[in-house]
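S.K.: Provided below: target-v5.pdb, containing PDB, C-alpha atoms and all ligand atoms.
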```
ATOM      1  CA  MET A   1       4.991  16.097  -7.708
ATOM      2  CA  GLN A   2       5.146  16.240 -11.505
ATOM      3  CA  LYS A   3       8.962  16.169 -11.396
ATOM      4  CA  THR A   4       9.260  13.081  -9.181
ATOM      5  CA  TRP A   5       6.181  11.210 -10.280
ATOM      6  CA  GLY A   6       6.322  12.004 -14.021
ATOM      7  CA  LYS A   7       3.769   9.960 -15.955
ATOM      8  CA  LEU A   8       2.240   8.659 -12.732
ATOM      9  CA  ALA A   9       0.989  12.166 -11.930
ATOM     10  CA  GLU A  10      -0.913  12.127 -15.250
ATOM     11  CA  GLU A  11      -2.669   8.847 -14.459
ATOM     12  CA  LEU A  12      -3.773  10.302 -11.111
ATOM     13  CA  ALA A  13      -5.286  13.473 -12.614
ATOM     14  CA  PRO A  14      -8.874  12.095 -12.926
ATOM     15  CA  TYR A  15      -9.000  11.627  -9.138
ATOM     16  CA  ARG A  16      -8.753  15.419  -8.546
ATOM     17  CA  PHE A  17      -6.494  15.305  -5.477
ATOM     18  CA  GLU A  18      -6.386  19.109  -5.551
ATOM     19  CA  ASP A  19     -10.120  19.274  -4.701
ATOM     20  CA  MET A  20      -9.935  16.755  -1.869
ATOM     21  CA  VAL A  21     -10.330  17.497   1.830
ATOM     22  CA  PRO A  22      -9.089  15.521   4.862
ATOM     23  CA  LEU A  23     -11.624  12.899   5.948
ATOM     24  CA  ALA A  24     -10.050  12.204   9.341
ATOM     25  CA  PRO A  25      -7.345  13.575  11.636
ATOM     26  CA  ILE A  26      -3.808  12.282  11.095
ATOM     27  CA  THR A  27      -3.270   9.072  13.062
ATOM     28  CA  THR A  28      -0.097   7.383  14.264
ATOM     29  CA  ASP A  29       0.293   3.697  14.995
ATOM     30  CA  VAL A  30       3.342   1.934  16.449
ATOM     31  CA  TRP A  31       4.476  -1.257  14.718
ATOM     32  CA  ASN A  32       7.001  -3.483  16.483
ATOM     33  CA  VAL A  33       9.101  -3.883  13.354
ATOM     34  CA  ASP A  34      12.026  -2.075  11.719
ATOM     35  CA  TRP A  35      10.734   0.576   9.312
ATOM     36  CA  LYS A  36      12.663  -1.118   6.491
ATOM     37  CA  ILE A  37      10.648  -4.325   6.941
ATOM     38  CA  ALA A  38       7.404  -2.366   6.744
ATOM     39  CA  MET A  39       8.588  -0.636   3.552
ATOM     40  CA  ASP A  40       9.721  -3.935   2.007
ATOM     41  CA  ASN A  41       6.157  -5.144   2.499
ATOM     42  CA  TYR A  42       4.747  -2.282   0.422
ATOM     43  CA  LEU A  43       7.143  -2.843  -2.482
ATOM     44  CA  GLU A  44       5.692  -6.081  -3.802
ATOM     45  CA  SER A  45       2.173  -7.432  -4.292
ATOM     46  CA  TYR A  46       2.812 -11.144  -4.521
ATOM     47  CA  HIS A  47       2.098 -11.575  -0.805
ATOM     48  CA  VAL A  48      -1.541 -10.551  -1.443
ATOM     49  CA  PRO A  49      -3.132 -13.944  -2.317
ATOM     50  CA  ILE A  50      -1.719 -15.491   0.874
ATOM     51  CA  GLY A  51      -1.492 -12.460   3.155
ATOM     52  CA  HIS A  52      -4.709 -10.615   2.286
ATOM     53  CA  PRO A  53      -7.526 -13.093   1.594
ATOM     54  CA  GLY A  54     -10.111 -10.274   1.482
ATOM     55  CA  LEU A  55      -8.240  -8.392  -1.229
ATOM     56  CA  TYR A  56      -7.803 -11.629  -3.136
ATOM     57  CA  ARG A  57     -11.545 -12.304  -2.973
ATOM     58  CA  MET A  58     -12.223  -8.847  -4.431
ATOM     59  CA  PHE A  59      -9.373  -8.411  -6.915
ATOM     60  CA  THR A  60      -7.666 -10.448  -9.621
ATOM     61  CA  PRO A  61      -3.978 -11.203  -9.023
ATOM     62  CA  ASP A  62      -2.790  -9.067 -12.001
ATOM     63  CA  TYR A  63      -1.107  -6.425  -9.947
ATOM     64  CA  GLU A  64       0.683  -4.532 -12.750
ATOM     65  CA  ASP A  65       3.681  -4.005 -10.509
ATOM     66  CA  GLN A  66       6.941  -2.407 -11.511
ATOM     67  CA  ALA A  67       5.669  -0.348 -14.491
ATOM     68  CA  SER A  68       6.797   2.892 -13.009
ATOM     69  CA  VAL A  69       9.208   5.801 -12.789
ATOM     70  CA  PRO A  70      12.480   5.710 -10.805
ATOM     71  CA  GLY A  71      11.878   5.784  -7.063
ATOM     72  CA  VAL A  72       8.118   5.180  -7.168
ATOM     73  CA  ALA A  73       6.712   1.642  -7.145
ATOM     74  CA  ARG A  74       3.181   1.069  -8.346
ATOM     75  CA  GLY A  75       0.723  -1.805  -8.068
ATOM     76  CA  LEU A  76      -2.735  -1.804  -9.647
ATOM     77  CA  SER A  77      -5.507  -4.214  -8.664
ATOM     78  CA  TRP A  78      -8.625  -4.792 -10.760
ATOM     79  CA  MET A  79     -11.921  -5.743  -9.163
ATOM     80  CA  ARG A  80     -13.323  -9.149  -9.955
ATOM     81  CA  GLU A  81     -16.707  -9.555 -11.670
ATOM     82  CA  GLN A  82     -17.421 -12.352  -9.228
ATOM     83  CA  LEU A  83     -18.770 -11.046  -5.956
ATOM     84  CA  SER A  84     -17.011 -11.841  -2.690
ATOM     85  CA  SER A  85     -18.646 -14.210  -0.223
ATOM     86  CA  ARG A  86     -18.110 -11.630   2.574
ATOM     87  CA  TRP A  87     -20.735  -8.976   3.196
ATOM     88  CA  SER A  88     -18.625  -5.805   3.346
ATOM     89  CA  GLU A  89     -16.499  -6.809   0.344
ATOM     90  CA  ARG A  90     -19.538  -7.807  -1.707
ATOM     91  CA  MET A  91     -21.403  -4.590  -0.848
ATOM     92  CA  TYR A  92     -18.373  -2.519  -1.859
ATOM     93  CA  GLN A  93     -18.081  -4.374  -5.175
ATOM     94  CA  LYS A  94     -21.759  -3.718  -5.890
ATOM     95  CA  LEU A  95     -21.752  -0.113  -4.753
ATOM     96  CA  ILE A  96     -18.548   1.405  -6.033
ATOM     97  CA  VAL A  97     -19.323   1.603  -9.752
ATOM     98  CA  LYS A  98     -22.360   3.771  -8.998
ATOM     99  CA  ALA A  99     -20.789   5.611  -6.058
ATOM    100  CA  ALA A 100     -17.670   6.747  -7.956
ATOM    101  CA  GLY A 101     -19.550   8.388 -10.837
ATOM    102  CA  HIS A 102     -16.944  11.191 -10.918
ATOM    103  CA  LEU A 103     -14.389   8.758 -12.430
ATOM    104  CA  PRO A 104     -14.184   7.139 -15.889
ATOM    105  CA  GLU A 105     -15.752   3.659 -15.690
ATOM    106  CA  PRO A 106     -12.576   1.501 -15.693
ATOM    107  CA  LEU A 107     -11.074   3.507 -12.814
ATOM    108  CA  ARG A 108     -14.103   2.742 -10.630
ATOM    109  CA  ARG A 109     -12.965  -0.883 -10.576
ATOM    110  CA  CYS A 110      -9.302  -0.213  -9.777
ATOM    111  CA  TRP A 111      -7.358   0.099  -6.519
ATOM    112  CA  ARG A 112      -3.951   1.706  -6.903
ATOM    113  CA  PHE A 113      -0.996   1.398  -4.525
ATOM    114  CA  TYR A 114       2.089   3.619  -4.809
ATOM    115  CA  SER A 115       5.229   3.492  -2.696
ATOM    116  CA  ALA A 116       7.766   6.292  -3.024
ATOM    117  CA  LEU A 117      11.237   5.513  -1.718
ATOM    118  CA  PRO A 118      12.292   5.582   0.976
ATOM    119  CA  ASN A 119       9.203   5.695   3.215
ATOM    120  CA  LEU A 120       6.001   7.111   1.685
ATOM    121  CA  GLY A 121       2.901   5.181   0.656
ATOM    122  CA  ILE A 122      -0.084   6.546  -1.278
ATOM    123  CA  ASP A 123      -3.156   4.387  -1.857
ATOM    124  CA  VAL A 124      -5.725   5.572  -4.382
ATOM    125  CA  PHE A 125      -9.221   4.110  -4.302
ATOM    126  CA  PRO A 126     -12.252   5.170  -6.348
ATOM    127  CA  ASP A 127     -13.888   6.442  -3.144
ATOM    128  CA  GLN A 128     -10.947   8.145  -1.389
ATOM    129  CA  MET A 129      -7.164   8.165  -1.115
ATOM    130  CA  ASP A 130      -4.731   7.929   1.764
ATOM    131  CA  PHE A 131      -1.087   8.526   2.491
ATOM    132  CA  PHE A 132       1.160   6.997   5.106
ATOM    133  CA  GLN A 133       4.735   7.558   6.192
ATOM    134  CA  LEU A 134       6.893   4.907   7.829
ATOM    135  CA  LEU A 135       8.977   6.687  10.439
ATOM    136  CA  PRO A 136      11.907   4.897  12.117
ATOM    137  CA  GLY A 137      11.315   4.474  15.847
ATOM    138  CA  GLY A 138      14.594   2.765  16.786
ATOM    139  CA  PRO A 139      15.553  -0.900  16.359
ATOM    140  CA  GLY A 140      12.481  -3.101  16.061
ATOM    141  CA  LYS A 141      10.016  -0.205  16.091
ATOM    142  CA  CYS A 142       8.423   2.166  13.594
ATOM    143  CA  ILE A 143       5.581   4.637  13.476
ATOM    144  CA  VAL A 144       2.974   4.523  10.723
ATOM    145  CA  ARG A 145       1.561   8.026  10.287
ATOM    146  CA  GLY A 146      -1.171   8.945   7.836
ATOM    147  CA  THR A 147      -4.728   9.877   6.998
ATOM    148  CA  THR A 148      -7.346   9.786   4.256
ATOM    149  CA  PHE A 149      -8.626  12.424   1.827
ATOM    150  CA  GLY A 150     -11.671  12.550  -0.408
ATOM    151  CA  LEU A 151     -13.789  14.829  -2.538
ATOM    152  CA  PRO A 152     -16.154  16.995  -0.466
ATOM    153  CA  ASP A 153     -19.945  16.605  -0.329
ATOM    154  CA  PRO A 154     -20.130  12.840  -0.974
ATOM    155  CA  SER A 155     -23.393  11.244  -2.075
ATOM    156  CA  PRO A 156     -24.922   8.690   0.328
ATOM    157  CA  ALA A 157     -23.564   5.916  -1.945
ATOM    158  CA  LEU A 158     -20.037   7.342  -1.841
ATOM    159  CA  ARG A 159     -20.278   7.762   1.916
ATOM    160  CA  ALA A 160     -21.279   4.105   2.267
ATOM    161  CA  ALA A 161     -18.461   3.024  -0.075
ATOM    162  CA  ARG A 162     -15.964   4.913   2.105
ATOM    163  CA  PHE A 163     -17.274   3.177   5.224
ATOM    164  CA  LEU A 164     -16.826  -0.229   3.554
ATOM    165  CA  SER A 165     -13.443   0.723   2.116
ATOM    166  CA  ASN A 166     -12.213   1.744   5.585
ATOM    167  CA  ARG A 167     -13.485  -1.492   7.058
ATOM    168  CA  ILE A 168     -11.752  -3.602   4.396
ATOM    169  CA  ASN A 169      -8.521  -1.616   4.625
ATOM    170  CA  THR A 170      -8.405  -1.757   8.421
ATOM    171  CA  GLN A 171      -8.323  -5.525   8.048
ATOM    172  CA  VAL A 172      -5.614  -5.314   5.340
ATOM    173  CA  ASN A 173      -3.557  -3.037   7.576
ATOM    174  CA  ASN A 174      -3.846  -5.451  10.502
ATOM    175  CA  GLU A 175      -2.741  -8.289   8.214
ATOM    176  CA  ASP A 176       0.324  -6.331   7.058
ATOM    177  CA  LYS A 177       1.212  -5.500  10.662
ATOM    178  CA  TRP A 178       0.995  -9.180  11.578
ATOM    179  CA  LEU A 179       2.974 -10.295   8.494
ATOM    180  CA  CYS A 180       5.739  -7.777   9.185
ATOM    181  CA  GLY A 181       5.939  -8.921  12.802
ATOM    182  CA  ARG A 182       6.505 -12.465  11.527
ATOM    183  CA  VAL A 183       9.294 -11.249   9.214
ATOM    184  CA  GLN A 184      10.902  -9.365  12.113
ATOM    185  CA  ARG A 185      10.933 -12.540  14.216
ATOM    186  CA  GLY A 186      12.256 -14.498  11.237
ATOM    187  CA  LEU A 187      15.188 -12.091  10.836
ATOM    188  CA  ALA A 188      16.077 -12.592  14.504
ATOM    189  CA  SER A 189      15.838 -16.383  14.270
ATOM    190  CA  GLY A 190      19.375 -16.937  12.981
ATOM    191  CA  SER A 191      18.255 -18.935   9.950
ATOM    192  CA  TYR A 192      17.532 -15.866   7.800
ATOM    193  CA  LYS A 193      19.248 -15.646   4.436
ATOM    194  CA  PRO A 194      19.171 -12.378   2.438
ATOM    195  CA  GLY A 195      17.128 -12.166  -0.785
ATOM    196  CA  PRO A 196      16.156 -11.255  -3.381
ATOM    197  CA  LEU A 197      13.767 -14.203  -3.507
ATOM    198  CA  SER A 198      12.237 -13.421  -6.866
ATOM    199  CA  ASN A 199      12.685 -11.323 -10.003
ATOM    200  CA  ILE A 200       9.434  -9.552  -9.125
ATOM    201  CA  GLU A 201      11.210  -7.913  -6.198
ATOM    202  CA  GLY A 202      12.684  -5.230  -8.446
ATOM    203  CA  TRP A 203      11.491  -2.356  -6.306
ATOM    204  CA  MET A 204      12.799  -3.944  -3.142
ATOM    205  CA  HIS A 205      16.174  -4.271  -4.853
ATOM    206  CA  GLU A 206      16.126  -0.576  -5.770
ATOM    207  CA  PHE A 207      15.139   0.311  -2.186
ATOM    208  CA  HIS A 208      18.018  -1.712  -0.750
ATOM    209  CA  ASN A 209      20.474  -0.165  -3.209
ATOM    210  CA  LEU A 210      19.317   3.267  -2.035
ATOM    211  CA  LEU A 211      19.885   2.247   1.606
ATOM    212  CA  ARG A 212      23.349   0.880   0.780
ATOM    213  CA  GLU A 213      24.175   4.166  -0.934
ATOM    214  CA  ARG A 214      22.914   6.435   1.869
ATOM    215  CA  ILE A 215      23.665   4.426   5.045
ATOM    216  CA  PRO A 216      27.255   3.127   5.279
ATOM    217  CA  GLU A 217      26.353   0.513   7.940
ATOM    218  CA  PHE A 218      24.001  -1.069   5.444
ATOM    219  CA  ARG A 219      27.012  -2.240   3.417
ATOM    220  CA  LEU A 220      28.502  -4.217   6.322
ATOM    221  CA  PRO A 221      28.318  -8.018   6.079
ATOM    222  CA  GLN A 222      27.210  -8.190   9.741
ATOM    223  CA  ALA A 223      25.163  -5.856  11.934
ATOM    224  CA  PRO A 224      27.298  -3.337  13.878
ATOM    225  CA  LYS A 225      28.206  -4.539  17.393
ATOM    226  CA  GLN A 226      25.617  -2.405  19.227
ATOM    227  CA  PHE A 227      22.789  -4.011  17.211
ATOM    228  CA  ALA A 228      24.148  -7.569  17.014
TER     229      ALA A 228
HETATM  230 FE    FE A 301       0.227  -6.212   2.292
END
```
When written as structure tokens, how does the structure in this file appear?

M.R.:
Amino acid sequence: MQKTWGKLAEELAPYRFEDMVPLAPITTDVWNVDWKIAMDNYLESYHVPIGHPGLYRMFTPDYEDQASVPGVARGLSWMREQLSSRWSERMYQKLIVKAAGHLPEPLRRCWRFYSALPNLGIDVFPDQMDFFQLLPGGPGKCIVRGTTFGLPDPSPALRAARFLSNRINTQVNNEDKWLCGRVQRGLASGSYKPGPLSNIEGWMHEFHNLLRERIPEFRLPQAPKQFA
């Protein structure tokens, strides 16, 4: 990990991944989208204010994207002082600073999202962490496989924070699934024009360059006949 993740491995040290245990069995979920679309979604954070209203209620929009090492995208979100109007989000905001006493204070207010090319995601929360892999399942289909890990013997406060975190992130996951489905339909609509749309899509650009390098068909101006 140190070799690939470089400095990022150092910033993750306080979370003590090596002491963590699985909190749930590995799950798989089928998304009706190309795996590339799902990965594109995890490589930028500017869809959050529109796509994830819950996250936007809890976190400021300073995502600290792009400051990273080659091949690993990172986004950091910082919790707002202002409490969310929604119960589970508000309870989490109130609880987490006390519940995550094992971390230095600033890290208790930070959610961290990492995406390692080509298909691995790692989310690091003060209460737990998760990983997910995006596995190709054929045209228009992919499998999202992952689970969560946390430090053993949680206090009641940490246990409650994990419950709330799971509830909030289940919603976020459903929103991403819905958003990606919309992108998939947009690509098939005939009016799609390739990006990049913005200079804050640097990681998406690197991802697409990697695909062009590794998959010859990716360099074709049109989809191969069997997929057209
Ligand atoms: Fe998202």

S.K.: Considering all atoms listed in the file, state which residue in the set A:Ala160, A:Val21, A:Leu179, A:Ile122 is at the smallest distance from ligand FE 301 (chain A).

M.R.: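 Closest candidate: A:Leu179.
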
S.K.: Name all residues at most 8 Å from Ala100 in chain A (count only C-alpha atoms; drop same-chain ones fewer than 2 positions away) and give them as a list in words.

M.R.: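 Neighbouring residues, sequence-local ones excluded: Ile96, Val97, Lys98, His102, Leu103, Arg108, Pro126, Asp127 and Leu158 of chain A.
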
S.K.: Taking all atoms listed in the file and a cut-off of 9 Å, can you tell me which residues surround ligand FE 301 (chain A), written as a PDB file with C-alpha atoms, in the coordinates of the input?

M.R.:
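selection.pdb written:
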```pdb
ATOM      1  CA  ASN A  41       6.157  -5.144   2.499  1.00  0.00           C
ATOM      2  CA  TYR A  42       4.747  -2.282   0.422  1.00  0.00           C
ATOM      3  CA  GLU A  44       5.692  -6.081  -3.802  1.00  0.00           C
ATOM      4  CA  SER A  45       2.173  -7.432  -4.292  1.00  0.00           C
ATOM      5  CA  TYR A  46       2.812 -11.144  -4.521  1.00  0.00           C
ATOM      6  CA  HIS A  47       2.098 -11.575  -0.805  1.00  0.00           C
ATOM      7  CA  VAL A  48      -1.541 -10.551  -1.443  1.00  0.00           C
ATOM      8  CA  GLY A  51      -1.492 -12.460   3.155  1.00  0.00           C
ATOM      9  CA  HIS A  52      -4.709 -10.615   2.286  1.00  0.00           C
ATOM     10  CA  VAL A 172      -5.614  -5.314   5.340  1.00  0.00           C
ATOM     11  CA  ASN A 173      -3.557  -3.037   7.576  1.00  0.00           C
ATOM     12  CA  GLU A 175      -2.741  -8.289   8.214  1.00  0.00           C
ATOM     13  CA  ASP A 176       0.324  -6.331   7.058  1.00  0.00           C
ATOM     14  CA  LYS A 177       1.212  -5.500  10.662  1.00  0.00           C
ATOM     15  CA  LEU A 179       2.974 -10.295   8.494  1.00  0.00           C
ATOM     16  CA  CYS A 180       5.739  -7.777   9.185  1.00  0.00           C
TER      17      CYS A 180
END
```

S.K.: A:Met20, A:Val144, A:Leu164, A:Met39: which is nearest Met91 in chain A, counting all atoms listed in the file?

M.R.: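 Answer, going by the shortest atom-to-atom distance: A:Leu164.
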
S.K.: Residues near Leu55 in chain A, anyone? I mean within 10 Å using only C-alpha atoms, not counting same-chain ones fewer than 2 positions away, as a list in words.

M.R.: Val48, Pro49, Ile50, Gly51, His52, Pro53, Arg57, Met58, Phe59, Thr60, Pro61, Ser77, Met79, Ser84, Glu89, Ile168, Asn169, Gln171 and Val172 of chain A

S.K.: Show which residues sit within 9 Å of Asp40 in chain A, as a ChimeraX atom specification. Count only C-alpha atoms, and ignore same-chain residues fewer than 6 positions away.

M.R.: /A:203-204,207

S.K.: Env of Val72 in chain A: 7 Å cut, atoms = only C-alpha atoms, seq-sep filter 3 positions within chain, self excluded. Answer as a CSV table (one decimal) with C-alpha atoms, in the coordinates of the input.

M.R.:
```
chain,number,residue,atom,x,y,z
A,68,SER,CA,6.8,2.9,-13.0
A,69,VAL,CA,9.2,5.8,-12.8
A,114,TYR,CA,2.1,3.6,-4.8
A,115,SER,CA,5.2,3.5,-2.7
A,116,ALA,CA,7.8,6.3,-3.0
A,117,LEU,CA,11.2,5.5,-1.7
```

S.K.: Kindly give the distance, in Å, that separates CA of Arg162 in chain A and CA of Val124 in chain A, rounded to a single decimal.

M.R.: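 CA of Val124 in chain A lies at a distance of 12.1 Å from CA of Arg162 in chain A.
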
S.K.: When you count only C-alpha atoms, which of these residues is closest to Ala157 in chain A: A:Gly54, A:Trp178, A:Leu95, A:Arg212?

M.R.: A:Leu95

S.K.: Interatomic distance between CA of Phe113 in chain A and CA of Pro139 in chain A?

M.R.: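 Result for CA of Phe113 in chain A versus CA of Pro139 in chain A: 26.7 Å, one decimal.
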
S.K.: Rank A:Leu210, A:Ala223, A:Leu83, A:Ile26 by their smallest atom-to-atom distance to Arg145 in chain A, using only C-alpha atoms, and report the top residue only.

M.R.: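 Closest candidate: A:Ile26.
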
S.K.: Restricting the calculation to all atoms listed in the file, which member of A:Lys7, A:His208, A:Lys193, A:Arg167 is positioned closest to Ser88 in chain A?

M.R.: A:Arg167

S.K.: Choose the residue, out of A:Pro118, A:Tyr56, A:Pro14, A:Asp123, that has the smallest atom-to-atom separation from Arg214 in chain A; count only C-alpha atoms.

M.R.: A:Pro118

S.K.: Any idea what the distance is between CA of Gln128 in chain A and CA of Gly150 in chain A?

M.R.: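 The value is 4.6 Å.
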
S.K.: Any idea what's packed within 8 Å of Gly146 in chain A, counting only C-alpha atoms, ignoring anything in its chain fewer than 4 positions away? Could you give it as a list in words?

M.R.: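 Using only C-alpha atoms, the neighbours found are Ile26, Thr27, Thr28, Asp130, Phe131, Phe132 and Gln133 of chain A.
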
S.K.: Residues proximal to (-6.1, 3.2, -10.2) were defined as those with any atom within 7 Å of that point in the file's coordinates, counting all atoms listed in the file. Which are they, as a compact mmCIF listing (two decimals) with C-alpha atoms, in the frame of the given file?

M.R.:
```
# COMPACT_ATOMS: atom_id res chain seq x y z
CA LEU A 76 -2.74 -1.80 -9.65
CA LEU A 107 -11.07 3.51 -12.81
CA CYS A 110 -9.30 -0.21 -9.78
CA TRP A 111 -7.36 0.10 -6.52
CA ARG A 112 -3.95 1.71 -6.90
CA VAL A 124 -5.72 5.57 -4.38
CA PHE A 125 -9.22 4.11 -4.30
```
